[in-house]
Amino acid sequence: MSLDKAAVAKVANLARIRIEEKDLEPMAAELNNILGWVEQLGEVDTDNVEPMTSVADMRLRWRADAVTDGGYVEDVVANAPSREDGFFAVPKVIE
Amino acid sequence: MGMIIQGATGDWEVVIGLEIHAQVTSKSKLFSGASAEYGAEPNSQVSFVDAAMPGMLPVINEMAVEQAVRTGLGLNAKINKFSVFDRKNYFFPDLPQGYQISQYLQPIVGEGKILIDLKDGETREIGITRLHLEQDAGKSLHDQHPSQTFIDLNRCGVPLMEIVSEPDMRSPEEAAVYVKKIRSIVRYLGTCDGNMEEGSMRADVNVSVRKPGDEFGTRCELKNINSVRFMQQAIIYEANRQVDILEAGGTVDQETRLYDPVKGETRSMRSKEEAQDYRYFPDPDLLPLEFDGAFIERIRETLPELPDPKKARFIKDLGLSPYDAGVLVAEKEVADYFEAVAEGRDAKLAANWVIGELFGHLNRTSKSLGESPVAAPALGELLDLISDGTISNRIAKEVFEEMFDTGKMAGAIVEEKGLKQVSDTGAIEAAIDAVIAANPDKAAEYKSGKDKLFGFFMGQVMKATQGKANPGVVTEILKPKLDA
């Protein structure tokens, strides 16, 4: 697997990360290094090995259906750059 | 019957598949202990998990798992004892995590099927592809401020079931009946309240067109439709739009479109450059969801009788027509009401009164069954008065009117107004004699062969007795007198 400049620009856009045009090529090279390193895992024979879902021998914990949280509007919106009547207020996002 | 669009180049068939988002009935959210109730003050039902504060971890709500399994069983579907939660990545202000926790390759419920009954009496099987659990997003309010959008995260993290159908529907009617059927099933199961106005049930509709027998065409997805009527309008508009494009030699772009009920048209929602690329991957915060067969069986044991088996029973055991049975089972409340009325009584009579008189009155006064001034035992008492001959069917309608208006019991009204049916042959005979004496010419005509006049005499006698005469007794006495 290999990423070209266009793929890096697309992924950056999807992740909302700004990358200058001049940095795309070096970034592609760096990412390709990482991908190449990870791809070495493909050399390991995994026939008849169950996919591993966790490194810890644990089961998913379930909780009972009860209201045990919430009710702190002030804390929730405390970090909002802009707020109004308990709402977060953001620049208009309608097409 | 499928919908066919007659184009310049021949007939086109419409192909429809649906994704229904149904809010799971639960007290708290899918992965947090904040309340899932509708209509609270903004951001008052938000935990730090829902607000995606750093370091907060999701813990699954057992009720959401149970409800998904219960719904899967109601859809005759395969339940997967092992399923996986994935992150569906996209950016939007009402999604603080930057991803929705959903299920992608390994959903909790697999393939199933349901039956839908169409107007022409045909029954069709619609395939269910899957059902998976996912989080709802928050709510954006665009109309509160000229330059800002307000965000309320109360709905953020509320558990949803996404029910995906196979592309098995061929007309807007079929799609509408399918949605109503799913709604009916989840309401019977108690897994979703099915309230489309409050957004606890919403549908995305996939529409494509093709020449009959061809491969499926390219589909467009119509988003977030919150009424069955709008859905049908949107499908008709969209199918015709696609036919126009194809017949002009163009190609349909696979895209997401929004239905505008005001303009009655669909329009492109997201441009092609920003085509959806959700980069799903297993959520590292959550282990796979696992349970055993005993868990499924415990839930299966709590399943209520569902609409299809109930309908079959109403037809087979109670002798109702398929139409009446279908009307009565569509809503669980209606079926329960009907069964309470029919218990130990003539089921067909009960069906006629519930569907005819009761529904008629409820419709006229815009009341729901829950608001009916006539409870099931009260209607039952009225039917008993008809069955034992105390009042005639015609008088019963008057009594029902009064019951509906005042909430009084039938027996009390009959007593108060002296509406008891007269079966006393002496009184009836006197009335008959008077009517015949007053109409000698008509009596002569009847004798000379105008049989139809019997109805006239019957009517006159009923009128003379204010409708209280027992029609059976009247016929018995009137016939020989006229023939004499």
# chains A, B, ... in the order shown; residues from 1 in each chain; ligands from 1
call {"tool": "closest_atom_pairs", "arguments": {"of": "chain B", "to": "chain A", "cutoff": "6 Å", "atoms": "only C-alpha atoms", "output": "tab-separated table"}}
result
residue	atom	partner	partner_atom	distance
B:Ser28	CA	A:Val67	CA	5.4
B:Gly33	CA	A:Thr68	CA	4.8
B:Ala34	CA	A:Asp69	CA	4.5
B:Ser35	CA	A:Val67	CA	5.3
B:Pro42	CA	A:Gly86	CA	5.8
B:Asn43	CA	A:Val73	CA	5.4
B:Ser44	CA	A:Gly71	CA	4.7
B:Gln45	CA	A:Gly70	CA	4.8
B:Val46	CA	A:Gly70	CA	4.8
B:Ser47	CA	A:Gly70	CA	4.6
B:Ile60	CA	A:Trp62	CA	5.1
B:Asn61	CA	A:Arg63	CA	5.1
B:Glu62	CA	A:Trp62	CA	5.6
B:Met63	CA	A:Asp65	CA	5.7
B:Ser147	CA	A:Lys92	CA	5.5
B:Gln148	CA	A:Lys92	CA	4.4
B:Thr149	CA	A:Lys92	CA	4.6
B:Phe150	CA	A:Ala89	CA	4.6
B:Ile151	CA	A:Phe88	CA	4.9
B:Asp152	CA	A:Phe87	CA	5.6
B:Leu287	CA	A:Leu60	CA	5.1
call {"tool": "select_by_dssp", "arguments": {"residues": "chain A", "states": "strand (DSSP E or B)", "output": "PyMOL selection string"}}
result
chain A and resi 62-63+69+83-84+87-91
call {"tool": "write_last_selection", "arguments": {"atoms": "C-alpha atoms", "output": "mmCIF file, in the first residue's frame"}}
result
data_model
loop_
_atom_site.group_PDB
_atom_site.id
_atom_site.type_symbol
_atom_site.label_atom_id
_atom_site.label_comp_id
_atom_site.auth_asym_id
_atom_site.auth_seq_id
_atom_site.Cartn_x
_atom_site.Cartn_y
_atom_site.Cartn_z
ATOM 1 C CA TRP A 62 -22.611 -3.663 30.697
ATOM 2 C CA ARG A 63 -24.468 -1.152 32.840
ATOM 3 C CA ASP A 69 -25.584 11.304 34.992
ATOM 4 C CA ARG A 83 -23.185 30.139 24.139
ATOM 5 C CA GLU A 84 -26.775 31.248 24.404
ATOM 6 C CA PHE A 87 -27.015 26.117 23.905
ATOM 7 C CA PHE A 88 -23.620 25.948 22.233
ATOM 8 C CA ALA A 89 -23.641 28.715 19.609
ATOM 9 C CA VAL A 90 -21.643 28.090 16.432
ATOM 10 C CA PRO A 91 -21.420 29.847 13.057
#
call {"tool": "residues_around", "arguments": {"residues": "B:Gly418", "least_positions_apart": "4", "cutoff": "12 Å", "atoms": "only C-alpha atoms", "output": "short mmCIF file (atom, residue, chain, number, x, y, z; two decimals) with N, CA and C atoms, in the first residue's frame"}}
result
data_model
loop_
_atom_site.label_atom_id
_atom_site.label_comp_id
_atom_site.auth_asym_id
_atom_site.auth_seq_id
_atom_site.Cartn_x
_atom_site.Cartn_y
_atom_site.Cartn_z
N THR B 390 -82.62 -6.23 24.58
CA THR B 390 -83.12 -5.09 25.34
C THR B 390 -83.32 -3.87 24.43
N ILE B 391 -82.35 -3.65 23.52
CA ILE B 391 -82.50 -2.54 22.57
C ILE B 391 -82.16 -3.03 21.16
N ILE B 395 -81.46 1.77 17.96
CA ILE B 395 -81.49 2.49 19.24
C ILE B 395 -80.08 2.50 19.86
N VAL B 399 -77.89 5.39 21.68
CA VAL B 399 -77.34 5.25 23.04
C VAL B 399 -75.83 5.50 23.00
N ALA B 410 -74.35 2.57 29.24
CA ALA B 410 -75.46 2.27 28.34
C ALA B 410 -76.75 1.95 29.11
N GLY B 411 -76.63 1.09 30.13
CA GLY B 411 -77.81 0.67 30.89
C GLY B 411 -78.55 1.86 31.48
N ALA B 412 -77.78 2.80 32.03
CA ALA B 412 -78.36 3.98 32.66
C ALA B 412 -79.11 4.83 31.63
N ILE B 413 -78.52 4.98 30.44
CA ILE B 413 -79.15 5.80 29.40
C ILE B 413 -80.45 5.16 28.93
N VAL B 414 -80.43 3.85 28.72
CA VAL B 414 -81.61 3.12 28.26
C VAL B 414 -82.75 3.27 29.28
N VAL B 422 -89.51 -2.92 22.75
CA VAL B 422 -90.79 -3.51 23.10
C VAL B 422 -90.93 -4.85 22.40
N THR B 465 -93.51 3.28 17.02
CA THR B 465 -93.04 2.82 18.34
C THR B 465 -91.72 3.49 18.74
N GLN B 466 -91.38 4.57 18.10
CA GLN B 466 -90.10 5.29 18.34
C GLN B 466 -88.89 4.37 18.26
N GLY B 467 -89.00 3.40 17.34
CA GLY B 467 -87.84 2.52 17.11
C GLY B 467 -87.66 1.47 18.18
N LYS B 468 -88.56 1.41 19.11
CA LYS B 468 -88.34 0.52 20.24
C LYS B 468 -88.90 -0.89 20.02
#
call {"tool": "residues_around", "arguments": {"residues": "A:Ala6", "least_positions_apart": "3", "cutoff": "10 Å", "atoms": "only C-alpha atoms", "output": "list in words"}}
result
Leu3, Ala9, Lys10, Val11, Ala12, Leu24, Glu25 and Ala28 of chain A
call {"tool": "residues_around", "arguments": {"residues": "B:Ala325", "least_positions_apart": "6", "cutoff": "8 Å", "atoms": "only C-alpha atoms", "output": "number ranges by chain"}}
result
B: 311-312, 314-315
call {"tool": "write_last_selection", "arguments": {"atoms": "N, CA and C atoms", "output": "PDB file, in the first residue's frame"}}
result
ATOM      1  N   LYS B 311     -53.438 -11.206  13.727  1.00  0.00           N
ATOM      2  CA  LYS B 311     -54.386 -11.064  12.620  1.00  0.00           C
ATOM      3  C   LYS B 311     -54.890 -12.445  12.186  1.00  0.00           C
ATOM      4  N   ALA B 312     -53.953 -13.389  12.050  1.00  0.00           N
ATOM      5  CA  ALA B 312     -54.325 -14.743  11.631  1.00  0.00           C
ATOM      6  C   ALA B 312     -55.316 -15.344  12.635  1.00  0.00           C
ATOM      7  N   PHE B 314     -57.386 -13.653  14.649  1.00  0.00           N
ATOM      8  CA  PHE B 314     -58.677 -12.958  14.552  1.00  0.00           C
ATOM      9  C   PHE B 314     -59.496 -13.535  13.392  1.00  0.00           C
ATOM     10  N   ILE B 315     -58.809 -13.868  12.286  1.00  0.00           N
ATOM     11  CA  ILE B 315     -59.516 -14.399  11.118  1.00  0.00           C
ATOM     12  C   ILE B 315     -59.987 -15.826  11.390  1.00  0.00           C
TER      13      ILE B 315
END
call {"tool": "residues_around", "arguments": {"residues": "A:Met27", "least_positions_apart": "6", "cutoff": "9 Å", "atoms": "only C-alpha atoms", "output": "count of residues only"}}
result
3
call {"tool": "residues_around", "arguments": {"residues": "B:Gly319", "least_positions_apart": "2", "cutoff": "12 Å", "atoms": "only C-alpha atoms", "output": "PyMOL selection string"}}
result
chain B and resi 311-317+321-325+342+346-351
call {"tool": "select_by_dssp", "arguments": {"residues": "stretch 47-171 of chain B", "states": "alpha helix (DSSP H)", "output": "ChimeraX atom specification"}}
result
/B:62-74
